[in-house]
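Following: one structure in structure tokens, then a few remarks.
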Amino acid sequence: MDCAVAGLLFCSSAHAGGWSTARCGETFTTNIRLTSDLDCSGPGLIIGADDISIDLNGYTISCDTTGYIGIDNSDGSDGVTIKNGTIEGFDEAIQAEDADDFTIKGIEILGASGPAPTTGAIHVLGGEDVVVRDCEITVDALSGGPHGIRLDSVTDVVIQDVDIEGSFVGVSFFSYVNGTPGIGNPTTGRIQNCTMDGCYSSGVLLASTDDASVKNCVM
């Protein structure tokens, strides 16, 4: 395989799909691995295909301009994994909509600034089998700040080994359809081994669920 080192990313024979070169605001359909920090003045990375891995590889994606998403899976690509790095300064660090088998692990989020109560540092709308684990989230504990993790009509979510400091609500289960909260399917799943410290409203808010558990959490 001919793999030229270019910009922030490199190719690797360990992944059948190879690696794509990352630039802020572009849509990616192959695996991504950062090799240096990525400073954006607008949108971060946009996911445009199923079954890809976004490996931040210990580096940081940042933005100092309001109104943007760090990693955007709002087109609903399935089988996506986001891992191993830091996302700083976006309104929402990660957003997904109607994405199944969606995994976020080993991510640190700093300074998400989207407005409450409609946003989250991690915000997932719809979909099933969503996993968030081994993550740290630090946002301002203000009445107008985002939730740490907001889940709207998500089925079978697992939030595990996540530390949240600040935020409007640490982890929230809601229902949401076509821009209207409080209708549609409830969120179901479990929250375990998590810490929520300094949240403005509450550590966990189960606003809409018919099957949820919270275990071994400190709030």
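Identifiers in this document derive from the order of the structure tokens: chains are assigned A, B, ..., residues are numbered from 1 separately in each chain, and ligands are numbered from 1 in order of occurrence.
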
**Request:** Enumerate as a ChimeraX atom specification all residues of segment 48-158 of chain A assigned to strand (DSSP E) by DSSP on the backbone, naming them with the chain letters and numbers the document uses.
**Result:** /A:53-55,60-63,69-73,81-88,92-97,102-110,120-125,128-138,147-152,155-158

**Request:** Could you give me, as a PyMOL selection string, the residues within 12 Å of His123 of chain A, counting only C-alpha atoms and dropping anything in the same chain fewer than 6 positions from it?
**Result:** chain A and resi 69-74+91-99+102+104+112+114+116-117+130+132+146-154+170-174+176

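Closest approach to Asp197 of chain A from the set A:Val157, A:Ile47, A:Ile107, A:Ile137 is made by A:Ile137, with distances taken over only C-alpha atoms.
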
Thr195 of chain A surroundings by only C-alpha atoms, 9 Å radius, close-in-sequence under 5 positions cut, as a short mmCIF file (atom, residue, chain, number, x, y, z; two decimals) with C-alpha atoms, in the first residue's frame:
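Contents of part-v7.cif, freshly written:
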data_model
loop_
_atom_site.label_atom_id
_atom_site.label_comp_id
_atom_site.auth_asym_id
_atom_site.auth_seq_id
_atom_site.Cartn_x
_atom_site.Cartn_y
_atom_site.Cartn_z
CA ASP A 161 -17.13 5.07 33.77
CA VAL A 162 -17.81 8.69 32.84
CA ASP A 163 -16.79 11.67 34.98
CA ILE A 164 -18.79 14.89 34.51
CA GLU A 165 -17.90 18.20 36.15
CA GLY A 170 -24.96 15.48 34.13
CA GLY A 203 -26.58 14.72 38.28
CA ASN A 216 -22.65 2.93 41.56
CA CYS A 217 -22.74 6.61 40.68
CA VAL A 218 -21.55 9.52 42.82
CA MET A 219 -23.47 12.81 42.60
#

**Request:** To one decimal in Å, tell me the separation between atom CA of Tyr59 of chain A and atom CA of Gln192 of chain A.
**Result:**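 Answer for the atom CA of Tyr59 of chain A to atom CA of Gln192 of chain A separation: 27.1 Å.
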
**Request:** Identify which of the residues A:Ser53, A:Thr60, A:Thr27, A:Thr66 lies closest to Ser41 of chain A, counting only C-alpha atoms when measuring atom-to-atom distances.
**Result:** A:Thr66

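Between atom CA of Ser36 of chain A and atom CA of Cys63 of chain A the interatomic distance comes to 14.9 Å.
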
**Request:** Skip Val131 of chain A itself and residues of its chain fewer than 6 positions away, then list as number ranges by chain all residues within 10 Å of it, counting only C-alpha atoms.
**Result:** A: 81, 100-105, 156-160, 189-190

Generate the output file for the selected residues, N, CA, C and O atoms, as a PDB file, in the first residue's frame.
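Output file part24.pdb is given in full below:
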ATOM      1  N   THR A  81     -17.257   4.628  15.609  1.00  0.00           N
ATOM      2  CA  THR A  81     -16.556   4.738  16.880  1.00  0.00           C
ATOM      3  C   THR A  81     -15.734   6.023  16.898  1.00  0.00           C
ATOM      4  O   THR A  81     -15.003   6.308  15.947  1.00  0.00           O
ATOM      5  N   ASP A 100     -27.133   3.973  14.944  1.00  0.00           N
ATOM      6  CA  ASP A 100     -27.098   2.726  15.694  1.00  0.00           C
ATOM      7  C   ASP A 100     -25.652   2.258  15.870  1.00  0.00           C
ATOM      8  O   ASP A 100     -24.774   2.583  15.065  1.00  0.00           O
ATOM      9  N   ASP A 101     -25.435   1.465  16.934  1.00  0.00           N
ATOM     10  CA  ASP A 101     -24.092   0.932  17.212  1.00  0.00           C
ATOM     11  C   ASP A 101     -23.055   2.053  17.206  1.00  0.00           C
ATOM     12  O   ASP A 101     -22.017   1.972  16.541  1.00  0.00           O
ATOM     13  N   PHE A 102     -23.329   3.076  17.967  1.00  0.00           N
ATOM     14  CA  PHE A 102     -22.508   4.286  18.018  1.00  0.00           C
ATOM     15  C   PHE A 102     -21.741   4.291  19.337  1.00  0.00           C
ATOM     16  O   PHE A 102     -22.351   4.221  20.408  1.00  0.00           O
ATOM     17  N   THR A 103     -20.410   4.355  19.260  1.00  0.00           N
ATOM     18  CA  THR A 103     -19.562   4.228  20.443  1.00  0.00           C
ATOM     19  C   THR A 103     -18.650   5.434  20.595  1.00  0.00           C
ATOM     20  O   THR A 103     -17.992   5.852  19.638  1.00  0.00           O
ATOM     21  N   ILE A 104     -18.611   5.971  21.817  1.00  0.00           N
ATOM     22  CA  ILE A 104     -17.709   7.055  22.181  1.00  0.00           C
ATOM     23  C   ILE A 104     -16.900   6.577  23.376  1.00  0.00           C
ATOM     24  O   ILE A 104     -17.470   6.218  24.410  1.00  0.00           O
ATOM     25  N   LYS A 105     -15.571   6.538  23.262  1.00  0.00           N
ATOM     26  CA  LYS A 105     -14.766   6.022  24.373  1.00  0.00           C
ATOM     27  C   LYS A 105     -13.430   6.761  24.456  1.00  0.00           C
ATOM     28  O   LYS A 105     -12.853   7.150  23.449  1.00  0.00           O
ATOM     29  N   ASP A 156     -31.485   1.481  24.438  1.00  0.00           N
ATOM     30  CA  ASP A 156     -30.365   0.646  24.884  1.00  0.00           C
ATOM     31  C   ASP A 156     -29.052   1.427  24.889  1.00  0.00           C
ATOM     32  O   ASP A 156     -28.087   1.087  24.198  1.00  0.00           O
ATOM     33  N   VAL A 157     -29.026   2.470  25.698  1.00  0.00           N
ATOM     34  CA  VAL A 157     -27.797   3.253  25.862  1.00  0.00           C
ATOM     35  C   VAL A 157     -27.036   2.747  27.087  1.00  0.00           C
ATOM     36  O   VAL A 157     -27.635   2.314  28.064  1.00  0.00           O
ATOM     37  N   VAL A 158     -25.715   2.788  27.013  1.00  0.00           N
ATOM     38  CA  VAL A 158     -24.849   2.465  28.154  1.00  0.00           C
ATOM     39  C   VAL A 158     -23.924   3.646  28.390  1.00  0.00           C
ATOM     40  O   VAL A 158     -23.149   4.022  27.509  1.00  0.00           O
ATOM     41  N   ILE A 159     -24.023   4.252  29.586  1.00  0.00           N
ATOM     42  CA  ILE A 159     -23.114   5.303  30.019  1.00  0.00           C
ATOM     43  C   ILE A 159     -22.304   4.714  31.165  1.00  0.00           C
ATOM     44  O   ILE A 159     -22.855   4.419  32.228  1.00  0.00           O
ATOM     45  N   GLN A 160     -21.006   4.519  30.968  1.00  0.00           N
ATOM     46  CA  GLN A 160     -20.208   3.773  31.945  1.00  0.00           C
ATOM     47  C   GLN A 160     -18.844   4.414  32.145  1.00  0.00           C
ATOM     48  O   GLN A 160     -18.181   4.799  31.173  1.00  0.00           O
ATOM     49  N   GLY A 189     -31.946   2.456  29.017  1.00  0.00           N
ATOM     50  CA  GLY A 189     -30.577   2.000  29.171  1.00  0.00           C
ATOM     51  C   GLY A 189     -30.073   2.136  30.594  1.00  0.00           C
ATOM     52  O   GLY A 189     -30.860   2.266  31.536  1.00  0.00           O
ATOM     53  N   ARG A 190     -28.753   2.146  30.760  1.00  0.00           N
ATOM     54  CA  ARG A 190     -28.189   2.155  32.102  1.00  0.00           C
ATOM     55  C   ARG A 190     -27.045   3.156  32.224  1.00  0.00           C
ATOM     56  O   ARG A 190     -26.328   3.429  31.260  1.00  0.00           O
TER      57      ARG A 190
END

**Who sits within 8 Å of Ser201 of chain A, only C-alpha atoms, same chain under 3 positions skipped, as a ChimeraX atom specification** = /A:143,168-169

**Request:** Using only C-alpha atoms, pick whichever of A:Ile82, A:Ile61, A:Ile109, A:Cys199 has the shortest atom-to-atom distance to Asp37 of chain A.
**Result:** A:Ile61

**Prompt:** In Å, how far is it from atom CA of Asn57 of chain A to atom CA of Gly106 of chain A?
**Reply:** 10.0 Å
